[in-house]
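Engineer: Sharing upload03.tsv below, TSV, C-alpha atoms and all ligand atoms:
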```tsv
chain	number	residue	atom	x	y	z
L	1	MET	CA	125.78	2.93	44.37
L	2	ARG	CA	129.43	3.76	43.67
L	3	ILE	CA	130.70	1.14	41.22
L	4	LEU	CA	134.12	0.39	39.73
L	5	VAL	CA	133.92	-1.20	36.27
L	6	THR	CA	137.22	-2.80	35.27
L	7	GLY	CA	137.42	-3.13	31.49
L	8	GLY	CA	134.71	-0.48	31.23
L	9	ALA	CA	136.26	1.01	28.08
L	10	GLY	CA	135.92	-2.35	26.33
L	11	TYR	CA	133.02	-3.83	24.41
L	12	VAL	CA	130.79	-5.36	27.09
L	13	GLY	CA	132.10	-3.15	29.91
L	14	SER	CA	131.19	0.05	28.06
L	15	VAL	CA	127.55	-1.06	27.82
L	16	VAL	CA	127.54	-2.16	31.48
L	17	THR	CA	128.86	1.30	32.37
L	18	GLN	CA	126.24	3.01	30.21
L	19	GLN	CA	123.40	1.13	31.88
L	20	CYS	CA	124.76	1.73	35.39
L	21	VAL	CA	125.06	5.47	34.70
L	22	GLN	CA	121.57	5.57	33.20
L	23	ALA	CA	120.25	3.83	36.33
L	24	GLY	CA	121.71	6.63	38.46
L	25	HIS	CA	124.82	4.89	39.79
L	26	GLN	CA	128.16	6.64	40.12
L	27	VAL	CA	130.66	4.79	37.93
L	28	THR	CA	134.43	4.80	37.76
L	29	VAL	CA	135.83	2.94	34.76
L	30	PHE	CA	139.23	1.35	35.36
L	31	ASP	CA	140.90	0.28	32.12
L	32	ASN	CA	144.46	0.11	30.81
L	33	LEU	CA	143.17	0.78	27.26
L	34	VAL	CA	145.06	-2.16	25.70
L	35	GLN	CA	141.79	-2.94	23.93
L	36	GLY	CA	139.51	-0.28	25.35
L	37	HIS	CA	138.59	3.12	23.89
L	38	ARG	CA	138.25	6.49	25.60
L	39	GLU	CA	135.36	7.27	23.28
L	40	ALA	CA	133.52	4.19	24.58
L	41	VAL	CA	133.35	5.55	28.13
L	42	THR	CA	129.86	6.95	28.63
L	43	ALA	CA	129.58	10.62	29.54
L	44	GLY	CA	128.95	10.80	33.24
L	45	ALA	CA	131.40	8.02	34.10
L	46	GLU	CA	134.94	8.77	35.22
L	47	LEU	CA	137.84	7.03	33.44
L	48	VAL	CA	140.96	6.01	35.37
L	49	VAL	CA	143.63	4.60	33.07
L	50	GLY	CA	145.38	1.85	34.98
L	51	ASP	CA	146.07	-1.84	35.24
L	52	THR	CA	144.32	-4.25	37.59
L	53	GLY	CA	147.76	-5.60	38.47
L	54	ASP	CA	148.73	-2.23	39.99
L	55	GLY	CA	147.57	-2.95	43.55
L	56	ALA	CA	148.54	0.47	44.92
L	57	LEU	CA	146.56	2.33	42.26
L	58	VAL	CA	143.54	0.03	42.62
L	59	ARG	CA	143.55	0.49	46.41
L	60	GLU	CA	143.79	4.25	46.02
L	61	VAL	CA	140.89	4.36	43.55
L	62	LEU	CA	138.70	2.02	45.63
L	63	SER	CA	139.17	4.10	48.78
L	64	SER	CA	139.19	7.62	47.36
L	65	ARG	CA	135.97	7.02	45.36
L	66	GLY	CA	134.26	5.13	48.20
L	67	ILE	CA	133.59	2.20	45.85
L	68	GLU	CA	130.85	-0.16	47.08
L	69	ALA	CA	130.89	-2.78	44.31
L	70	VAL	CA	133.18	-3.89	41.48
L	71	CYS	CA	132.16	-5.20	38.07
L	72	HIS	CA	135.23	-7.05	36.89
L	73	LEU	CA	135.35	-7.36	33.10
L	74	ALA	CA	139.02	-6.53	32.41
L	75	ALA	CA	140.64	-9.49	30.68
L	76	TYR	CA	142.46	-10.73	27.63
L	77	THR	CA	139.87	-12.55	25.56
L	78	ILE	CA	141.39	-14.27	22.52
L	79	VAL	CA	141.25	-18.05	22.86
L	80	SER	CA	143.72	-18.77	20.04
L	81	GLN	CA	146.24	-16.32	21.53
L	82	SER	CA	145.89	-18.10	24.88
L	83	MET	CA	146.95	-21.35	23.15
L	84	ARG	CA	150.12	-19.65	21.86
L	85	GLU	CA	150.89	-17.55	24.95
L	86	PRO	CA	149.40	-19.33	27.97
L	87	GLY	CA	151.52	-17.38	30.48
L	88	LEU	CA	150.01	-14.13	29.26
L	89	TYR	CA	146.51	-15.42	30.01
L	90	TYR	CA	147.28	-16.87	33.45
L	91	ASN	CA	148.96	-13.58	34.29
L	92	GLN	CA	146.31	-11.25	32.87
L	93	ASN	CA	143.19	-13.16	33.78
L	94	LEU	CA	144.22	-14.89	37.00
L	95	VAL	CA	147.18	-13.12	38.64
L	96	ARG	CA	146.00	-9.57	37.93
L	97	SER	CA	142.45	-10.45	38.94
L	98	LEU	CA	143.83	-11.82	42.20
L	99	SER	CA	145.65	-8.55	42.72
L	100	LEU	CA	142.34	-6.71	42.26
L	101	LEU	CA	140.67	-9.03	44.75
L	102	ASP	CA	143.40	-8.45	47.33
L	103	ALA	CA	143.04	-4.70	46.89
L	104	MET	CA	139.28	-5.10	47.49
L	105	VAL	CA	139.90	-7.09	50.68
L	106	GLU	CA	142.43	-4.53	51.91
L	107	THR	CA	140.02	-1.66	51.35
L	108	GLY	CA	136.91	-3.47	52.61
L	109	VAL	CA	135.06	-3.59	49.26
L	110	ASN	CA	133.16	-6.87	49.36
L	111	ARG	CA	130.80	-6.93	46.38
L	112	ILE	CA	131.86	-8.13	42.94
L	113	VAL	CA	130.25	-9.20	39.67
L	114	PHE	CA	132.73	-11.21	37.61
L	115	SER	CA	132.68	-11.79	33.85
L	116	SER	CA	133.44	-15.42	33.27
L	117	THR	CA	132.84	-17.33	30.09
L	118	ALA	CA	131.25	-20.42	28.51
L	119	ALA	CA	134.87	-21.49	27.86
L	120	VAL	CA	135.00	-22.81	31.46
L	121	PHE	CA	132.92	-25.80	30.28
L	122	GLY	CA	135.25	-26.95	27.50
L	123	GLU	CA	133.87	-29.51	25.05
L	124	PRO	CA	130.18	-29.91	26.00
L	125	VAL	CA	128.99	-33.33	27.13
L	126	ARG	CA	125.35	-32.21	26.88
L	127	ILE	CA	123.36	-29.41	25.29
L	128	PRO	CA	121.99	-27.04	26.43
L	129	ILE	CA	124.69	-26.16	28.95
L	130	ASP	CA	123.43	-25.32	32.41
L	131	GLU	CA	125.46	-24.39	35.48
L	132	THR	CA	125.77	-28.04	36.60
L	133	HIS	CA	127.56	-29.04	33.39
L	134	PRO	CA	131.10	-30.36	34.11
L	135	LEU	CA	133.81	-27.68	34.19
L	136	ASP	CA	136.66	-28.84	31.96
L	137	PRO	CA	138.23	-25.98	29.99
L	138	ILE	CA	140.36	-26.88	26.97
L	139	ASN	CA	142.40	-23.69	26.67
L	140	PRO	CA	144.31	-21.33	29.01
L	141	TYR	CA	141.70	-18.58	28.52
L	142	GLY	CA	138.89	-20.73	29.91
L	143	GLU	CA	141.13	-22.30	32.52
L	144	ALA	CA	142.36	-18.97	33.93
L	145	LYS	CA	138.72	-17.82	34.16
L	146	LEU	CA	137.75	-21.02	35.98
L	147	MET	CA	140.71	-20.69	38.33
L	148	PHE	CA	139.62	-17.18	39.20
L	149	GLU	CA	136.02	-18.35	39.74
L	150	ARG	CA	137.41	-20.77	42.35
L	151	VAL	CA	139.62	-18.15	43.97
L	152	LEU	CA	136.66	-15.80	44.17
L	153	ALA	CA	134.42	-18.44	45.78
L	154	ARG	CA	137.13	-19.23	48.35
L	155	TYR	CA	137.81	-15.55	49.12
L	156	ALA	CA	134.08	-14.99	49.55
L	157	GLN	CA	133.89	-17.87	52.02
L	158	ILE	CA	136.86	-16.59	54.02
L	159	HIS	CA	136.38	-12.82	53.73
L	160	GLY	CA	132.58	-12.74	53.55
L	161	ALA	CA	132.22	-11.21	50.09
L	162	ARG	CA	129.10	-11.16	47.90
L	163	TYR	CA	129.51	-12.16	44.27
L	164	ALA	CA	127.81	-13.14	41.05
L	165	MET	CA	129.72	-14.81	38.22
L	166	PHE	CA	128.37	-14.56	34.70
L	167	ARG	CA	129.40	-17.09	32.09
L	168	TYR	CA	128.58	-15.35	28.86
L	169	PHE	CA	128.11	-17.23	25.62
L	170	ASN	CA	128.77	-15.13	22.43
L	171	ALA	CA	128.31	-11.44	23.23
L	172	CYS	CA	127.16	-9.47	20.20
L	173	GLY	CA	125.08	-6.51	19.00
L	174	ALA	CA	125.44	-2.85	19.90
L	175	SER	CA	123.71	-0.06	21.74
L	176	SER	CA	123.11	3.06	19.66
L	177	GLU	CA	126.41	4.62	20.79
L	178	LEU	CA	128.54	1.61	21.75
L	179	GLY	CA	129.75	-1.25	19.60
L	180	GLU	CA	132.47	-3.77	19.05
L	181	ASP	CA	135.97	-2.69	18.02
L	182	HIS	CA	138.93	-4.95	18.86
L	183	ASN	CA	142.42	-5.04	17.43
L	184	PRO	CA	142.83	-7.71	16.24
L	185	GLU	CA	139.14	-8.43	15.72
L	186	THR	CA	138.29	-12.08	16.27
L	187	HIS	CA	134.52	-11.88	16.76
L	188	ILE	CA	132.30	-13.24	14.07
L	189	ILE	CA	129.80	-10.45	13.38
L	190	PRO	CA	132.33	-7.61	12.87
L	191	LEU	CA	134.37	-10.00	10.71
L	192	ILE	CA	131.33	-10.80	8.55
L	193	PHE	CA	130.65	-7.05	8.13
L	194	ARG	CA	134.25	-6.33	7.15
L	195	ALA	CA	134.12	-9.06	4.51
L	196	ALA	CA	130.73	-7.80	3.25
L	197	VAL	CA	132.01	-4.24	2.68
L	198	GLY	CA	135.33	-5.38	1.20
L	199	GLN	CA	137.55	-4.17	4.05
L	200	THR	CA	139.03	-7.67	4.20
L	201	GLY	CA	139.13	-10.76	2.05
L	202	PRO	CA	136.29	-13.27	2.20
L	203	PHE	CA	134.96	-14.33	5.58
L	204	GLN	CA	136.52	-17.62	6.67
L	205	ILE	CA	134.23	-20.44	7.81
L	206	PHE	CA	136.31	-22.80	9.93
L	207	GLY	CA	134.81	-26.20	9.23
L	208	ASP	CA	131.72	-27.24	7.27
L	209	ASP	CA	131.96	-30.91	8.18
L	210	TYR	CA	130.60	-30.86	11.73
L	211	THR	CA	127.64	-33.12	12.47
L	212	THR	CA	125.27	-30.15	12.57
L	213	PRO	CA	122.34	-29.56	10.17
L	214	ASP	CA	124.44	-27.48	7.71
L	215	GLY	CA	127.89	-28.71	8.76
L	216	THR	CA	129.02	-25.44	10.39
L	217	ALA	CA	129.47	-24.79	14.10
L	218	VAL	CA	126.50	-23.67	16.18
L	219	ARG	CA	126.75	-20.92	18.80
L	220	ASP	CA	124.50	-19.02	21.19
L	221	TYR	CA	124.47	-15.27	20.49
L	222	VAL	CA	123.36	-12.97	23.29
L	223	HIS	CA	122.88	-9.23	22.87
L	224	VAL	CA	125.29	-7.05	24.83
L	225	ILE	CA	122.36	-4.96	26.11
L	226	ASP	CA	120.85	-8.11	27.62
L	227	LEU	CA	124.20	-9.04	29.16
L	228	ALA	CA	124.64	-5.59	30.65
L	229	ARG	CA	121.16	-5.69	32.15
L	230	ALA	CA	122.06	-8.88	34.04
L	231	HIS	CA	124.97	-6.99	35.64
L	232	LEU	CA	122.72	-4.18	36.74
L	233	ILE	CA	120.18	-6.58	38.28
L	234	ALA	CA	122.94	-8.49	40.10
L	235	LEU	CA	124.67	-5.35	41.37
L	236	GLU	CA	121.47	-4.07	42.88
L	237	ARG	CA	120.63	-7.45	44.53
L	238	LEU	CA	124.05	-8.90	45.36
L	239	ASP	CA	123.36	-9.05	49.08
L	240	THR	CA	120.57	-11.60	48.61
L	241	LEU	CA	121.63	-13.59	45.52
L	242	GLY	CA	123.55	-16.26	47.40
L	243	ASN	CA	126.94	-16.18	45.64
L	244	GLN	CA	126.56	-18.21	42.47
L	245	ALA	CA	127.40	-18.54	38.80
L	246	PHE	CA	124.88	-17.87	36.02
L	247	ASN	CA	125.03	-18.90	32.37
L	248	LEU	CA	123.94	-16.06	30.12
L	249	GLY	CA	122.84	-16.95	26.60
L	250	SER	CA	119.80	-16.60	24.38
L	251	GLY	CA	119.17	-20.35	24.46
L	252	GLU	CA	119.02	-20.38	20.64
L	253	GLY	CA	121.64	-22.14	18.54
L	254	ILE	CA	122.63	-20.42	15.28
L	255	SER	CA	125.07	-21.93	12.81
L	256	VAL	CA	127.79	-19.93	11.09
L	257	ARG	CA	126.02	-20.38	7.77
L	258	GLU	CA	122.71	-19.23	9.21
L	259	LEU	CA	124.45	-16.18	10.62
L	260	ILE	CA	126.02	-15.34	7.26
L	261	ASP	CA	122.70	-15.79	5.44
L	262	ALA	CA	120.81	-13.69	8.01
L	263	THR	CA	123.45	-10.96	7.82
L	264	ALA	CA	123.31	-10.85	4.01
L	265	ARG	CA	119.52	-10.53	4.17
L	266	ILE	CA	119.45	-7.89	6.90
L	267	ILE	CA	122.22	-5.64	5.54
L	268	GLY	CA	121.31	-6.22	1.89
L	269	ARG	CA	124.80	-7.26	0.77
L	270	ASP	CA	126.51	-10.46	-0.23
L	271	VAL	CA	128.98	-11.89	2.24
L	272	PRO	CA	131.91	-13.40	0.33
L	273	HIS	CA	133.16	-16.44	2.23
L	274	VAL	CA	135.54	-19.39	1.95
L	275	ILE	CA	135.66	-22.71	3.76
L	276	ARG	CA	138.74	-23.50	5.85
L	277	THR	CA	139.51	-26.55	7.95
L	278	ARG	CA	138.23	-26.70	11.52
L	279	ARG	CA	140.19	-24.91	14.22
L	280	GLU	CA	141.50	-27.01	17.06
L	281	GLY	CA	139.42	-26.63	20.19
L	282	ASP	CA	136.28	-25.26	18.47
L	283	PRO	CA	133.32	-27.22	19.87
L	284	LYS	CA	130.58	-28.30	17.46
L	285	VAL	CA	127.71	-26.73	19.41
L	286	LEU	CA	127.54	-24.29	22.33
L	287	ARG	CA	124.13	-23.35	23.59
L	288	ALA	CA	123.19	-22.06	27.03
L	289	ALA	CA	120.46	-22.97	29.46
L	290	SER	CA	119.89	-19.71	31.35
L	291	ASP	CA	117.04	-20.93	33.55
L	292	ARG	CA	118.91	-20.01	36.73
L	293	ALA	CA	119.34	-16.41	35.59
L	294	ARG	CA	115.64	-16.31	34.68
L	295	GLN	CA	114.51	-17.73	38.00
L	296	VAL	CA	116.93	-16.05	40.40
L	297	LEU	CA	117.54	-12.72	38.64
L	298	GLY	CA	114.29	-12.43	36.71
L	299	TRP	CA	116.53	-11.92	33.65
L	300	GLU	CA	115.24	-12.39	30.11
L	301	PRO	CA	117.28	-11.99	26.92
L	302	VAL	CA	114.76	-9.65	25.27
L	303	HIS	CA	117.09	-8.15	22.63
L	304	SER	CA	118.76	-11.36	21.47
L	305	THR	CA	116.86	-12.09	18.26
L	306	ILE	CA	119.13	-12.44	15.25
L	307	GLU	CA	117.39	-9.45	13.60
L	308	GLU	CA	118.09	-7.14	16.52
L	309	ILE	CA	121.63	-8.42	17.05
L	310	ILE	CA	122.69	-7.94	13.44
L	311	GLY	CA	120.58	-4.82	12.90
L	312	SER	CA	122.04	-3.00	15.92
L	313	ALA	CA	125.61	-4.11	15.18
L	314	TRP	CA	125.26	-3.05	11.53
L	315	ALA	CA	123.83	0.36	12.47
L	316	TRP	CA	126.86	0.93	14.70
L	317	PHE	CA	129.28	-0.39	12.08
L	318	GLU	CA	127.86	1.92	9.41
L	319	ARG	CA	128.51	4.89	11.71
L	320	HIS	CA	131.96	3.56	12.72
L	321	PRO	CA	133.29	1.63	9.70
L	322	HIS	CA	136.81	1.85	11.12
L	323	GLY	CA	135.87	1.59	14.77
L	324	TYR	CA	136.25	4.20	17.46
L	325	ARG	CA	138.44	7.27	16.89
L	326	SER	CA	140.05	7.03	20.35
V	1	LIG	N1	132.78	-10.76	24.15
V	1	LIG	C1	132.39	-12.01	24.40
V	1	LIG	O1	131.76	-12.67	23.58
V	1	LIG	C2	132.68	-12.62	25.75
V	1	LIG	C3	132.26	-13.94	25.99
V	1	LIG	C4	132.52	-14.51	27.23
V	1	LIG	C5	133.16	-13.78	28.21
V	1	LIG	N2	133.59	-12.51	27.95
V	1	LIG	C6	134.29	-11.80	29.01
V	1	LIG	O2	133.72	-10.51	29.13
V	1	LIG	C7	134.71	-9.55	29.47
V	1	LIG	C8	134.66	-8.40	28.48
V	1	LIG	O3	134.89	-8.90	27.17
V	1	LIG	P1	134.93	-7.91	25.93
V	1	LIG	O4	134.55	-8.68	24.75
V	1	LIG	O5	134.21	-6.68	26.28
V	1	LIG	O6	136.50	-7.64	25.85
V	1	LIG	P2	137.26	-6.27	25.54
V	1	LIG	O7	138.65	-6.64	25.17
V	1	LIG	O8	136.48	-5.42	24.61
V	1	LIG	O9	137.26	-5.55	26.96
V	1	LIG	C9	138.20	-5.85	27.96
V	1	LIG	C10	138.73	-4.53	28.49
V	1	LIG	O10	139.62	-4.80	29.56
V	1	LIG	C11	140.75	-3.94	29.42
V	1	LIG	N3	141.84	-4.65	30.12
V	1	LIG	C12	142.40	-5.84	29.80
V	1	LIG	N4	143.31	-6.19	30.72
V	1	LIG	C13	143.32	-5.20	31.65
V	1	LIG	C14	144.03	-5.00	32.87
V	1	LIG	N5	144.94	-5.89	33.31
V	1	LIG	N6	143.79	-3.88	33.57
V	1	LIG	C15	142.87	-2.96	33.14
V	1	LIG	N7	142.16	-3.10	32.00
V	1	LIG	C16	142.39	-4.22	31.27
V	1	LIG	C17	140.94	-3.77	27.92
V	1	LIG	O11	141.63	-2.58	27.60
V	1	LIG	C18	139.50	-3.74	27.44
V	1	LIG	O12	139.00	-2.42	27.42
V	1	LIG	C19	136.03	-10.29	29.50
V	1	LIG	O13	136.32	-10.63	30.84
V	1	LIG	C20	135.74	-11.54	28.69
V	1	LIG	O14	136.56	-12.62	29.10
V	1	LIG	C21	133.36	-11.92	26.75
```
Would you give me this structure, written as structure tokens?

Structural biologist:
Amino acid sequence: MRILVTGGAGYVGSVVTQQCVQAGHQVTVFDNLVQGHREAVTAGAELVVGDTGDGALVREVLSSRGIEAVCHLAAYTIVSQSMREPGLYYNQNLVRSLSLLDAMVETGVNRIVFSSTAAVFGEPVRIPIDETHPLDPINPYGEAKLMFERVLARYAQIHGARYAMFRYFNACGASSELGEDHNPETHIIPLIFRAAVGQTGPFQIFGDDYTTPDGTAVRDYVHVIDLARAHLIALERLDTLGNQAFNLGSGEGISVRELIDATARIIGRDVPHVIRTRREGDPKVLRAASDRARQVLGWEPVHSTIEEIIGSAWAWFERHPHGYRS
């Protein structure tokens, strides 16, 4: 299949691209490189540097490459930034995604796998979170993603498209070549590593007074290789999946303290840390129920043990202590 991966030079998109290429698909990565890295684009995939908001360029790429399906991962992803600059997030994650969708309609490309997020649920009213949990985002990041989910469902109804929407919980881990490198970095595992090797000050734990067993927030960590595999399964079966959203998580809840302790044990270093007050909008517990993905896609999170997540991320970090070169 000929696939366009928007955001394919970014963290999750690079692994999606790698798996699609390894499965024999022809992949064009479309990324404006605001966060992405040339070095993260797997050999065998083409890179087009461009913005999803550039309708003319997207149309040209979709038609000239004969694209049959789009994996749409391009987005701005920092929740706290979305609270300071909401317009940026509605523009980047809703308006530009809409522009991509219009370009797909105009060029007759009608298959899409969309990267949504657990942030569409907001503060959980029950745990674990399945797809029927109320949708009530508490920040512009989650809200723009939810708005695009709704636009996509409506476009599919009117234009006859096939889609799958994946609401990831915390993506983490690395493949042997591809890892996590954002600027600024806001994700917990790279931040723990940086503190452990002295690249930064102590790791900051935001809140140790939640009503959780050790007082710190609990999250669901899912390996990026598992996430990417779900995309591959969906892409290959989009015509029969029945247009729906899937929650993708390991189903295990791990607290910040447990993650720090496991990291210290696995990498054999202390992790200096300090306690800060809670951040506004940080739920106490987020944990996925991924039964629908298991039943409909036959998906299993087989790499999402804490050992494999931290071990793979650490192996990549040791080879790339300052991230990608390009
Ligand atoms: N990483 C996570 O834990 C997580 C969790 C839930 C959902 N998601 C979603 O998964 C997707 C990928 O996340 P990630 O962590 O890999 O982020 P990332 O920042 O590493 O990757 C996003 C990529 O999109 C590119 N991009 C951004 N805006 C663009 C635009 N307008 N046009 C073209 N390229 C653009 C960036 O340069 C970057 O390479 C995002 O949609 C994110 O919302 C991620």

Engineer: From the options L:Gly251, L:Ala230, L:Tyr141, L:Leu235, which residue's atoms come nearest to L:Ser80, counting only C-alpha atoms?

Structural biologist: L:Tyr141

Engineer: Counting only C-alpha atoms and all ligand atoms, what are the residues, protein, DNA or RNA alike, that approach ligand LIG 1 (chain V) to within 7 Å? I want them as a ChimeraX atom specification.

Structural biologist: /L:6-13,30-37,50-53,73-77,92,96,115-118,167-172,182

Engineer: Can you find the residues with an atom no farther than 10 Å from (131.1, -9.7, 9.8), counting all atoms listed in the file, and report them as an MDAnalysis selection string?

Structural biologist: chainID L and resid 186:197 200 202:203 259:260 263:264 271 310 313:314 317

Engineer: Just to be explicit: take each residue in the selection above, keep C-alpha atoms, and write the result as a PDB file, in the coordinates of the input.

Structural biologist:
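The new file again.pdb reads:
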```pdb
ATOM      1  CA  THR L 186     138.290 -12.080  16.270  1.00  0.00           C
ATOM      2  CA  HIS L 187     134.520 -11.880  16.760  1.00  0.00           C
ATOM      3  CA  ILE L 188     132.300 -13.240  14.070  1.00  0.00           C
ATOM      4  CA  ILE L 189     129.800 -10.450  13.380  1.00  0.00           C
ATOM      5  CA  PRO L 190     132.330  -7.610  12.870  1.00  0.00           C
ATOM      6  CA  LEU L 191     134.370 -10.000  10.710  1.00  0.00           C
ATOM      7  CA  ILE L 192     131.330 -10.800   8.550  1.00  0.00           C
ATOM      8  CA  PHE L 193     130.650  -7.050   8.130  1.00  0.00           C
ATOM      9  CA  ARG L 194     134.250  -6.330   7.150  1.00  0.00           C
ATOM     10  CA  ALA L 195     134.120  -9.060   4.510  1.00  0.00           C
ATOM     11  CA  ALA L 196     130.730  -7.800   3.250  1.00  0.00           C
ATOM     12  CA  VAL L 197     132.010  -4.240   2.680  1.00  0.00           C
ATOM     13  CA  THR L 200     139.030  -7.670   4.200  1.00  0.00           C
ATOM     14  CA  PRO L 202     136.290 -13.270   2.200  1.00  0.00           C
ATOM     15  CA  PHE L 203     134.960 -14.330   5.580  1.00  0.00           C
ATOM     16  CA  LEU L 259     124.450 -16.180  10.620  1.00  0.00           C
ATOM     17  CA  ILE L 260     126.020 -15.340   7.260  1.00  0.00           C
ATOM     18  CA  THR L 263     123.450 -10.960   7.820  1.00  0.00           C
ATOM     19  CA  ALA L 264     123.310 -10.850   4.010  1.00  0.00           C
ATOM     20  CA  VAL L 271     128.980 -11.890   2.240  1.00  0.00           C
ATOM     21  CA  ILE L 310     122.690  -7.940  13.440  1.00  0.00           C
ATOM     22  CA  ALA L 313     125.610  -4.110  15.180  1.00  0.00           C
ATOM     23  CA  TRP L 314     125.260  -3.050  11.530  1.00  0.00           C
ATOM     24  CA  PHE L 317     129.280  -0.390  12.080  1.00  0.00           C
TER      25      PHE L 317
END
```

Engineer: For a quick check of your reading of the model, name the residues lying within 9 Å of the coordinate (122.5, -8.8, 17.3), counting all atoms listed in the file, and write them as a ChimeraX atom specification.

Structural biologist: /L:171-174,189,221-224,303-314

Engineer: Which is closer to L:Gln81 than all the others in L:Arg154, L:Gly142, L:Pro137, L:Ser14, using only C-alpha atoms?

Structural biologist: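 Looking at the shortest contact to L:Gln81, the residue is L:Gly142.
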
Engineer: Considering all atoms listed in the file, can you say which of L:Arg126, L:Arg219, L:Lys145, L:Arg65 comes closest to L:Asn93?

Structural biologist: L:Lys145

Engineer: Would you mind reading off the distance between atom CA of L:His159 and atom CA of L:Gly108, one decimal, in Å?

Structural biologist: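 Atom CA of L:Gly108 lies at a distance of 9.4 Å from atom CA of L:His159.
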
Engineer: Please, what distance in Å, to one decimal, runs between atom CA of L:Ala45 and atom CA of L:Ala23?

Structural biologist: 12.1 Å

Engineer: So how far away is atom CA of L:Leu94 from atom CA of L:Val109, in Å?

Structural biologist: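 It comes out at 19.0 Å.
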
Engineer: Please list as a ChimeraX atom specification every residue within 9 Å of L:Phe114, counting all atoms listed in the file and excluding residues in the same chain fewer than 4 positions away.

Structural biologist: /L:70-73,149,152,163-167

Engineer: Which is closest to L:Asn110 among L:Arg257, L:Arg294, L:Arg325, L:Arg162, if we use only C-alpha atoms?

Structural biologist: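 For L:Asn110, the nearest of the candidates is L:Arg162.
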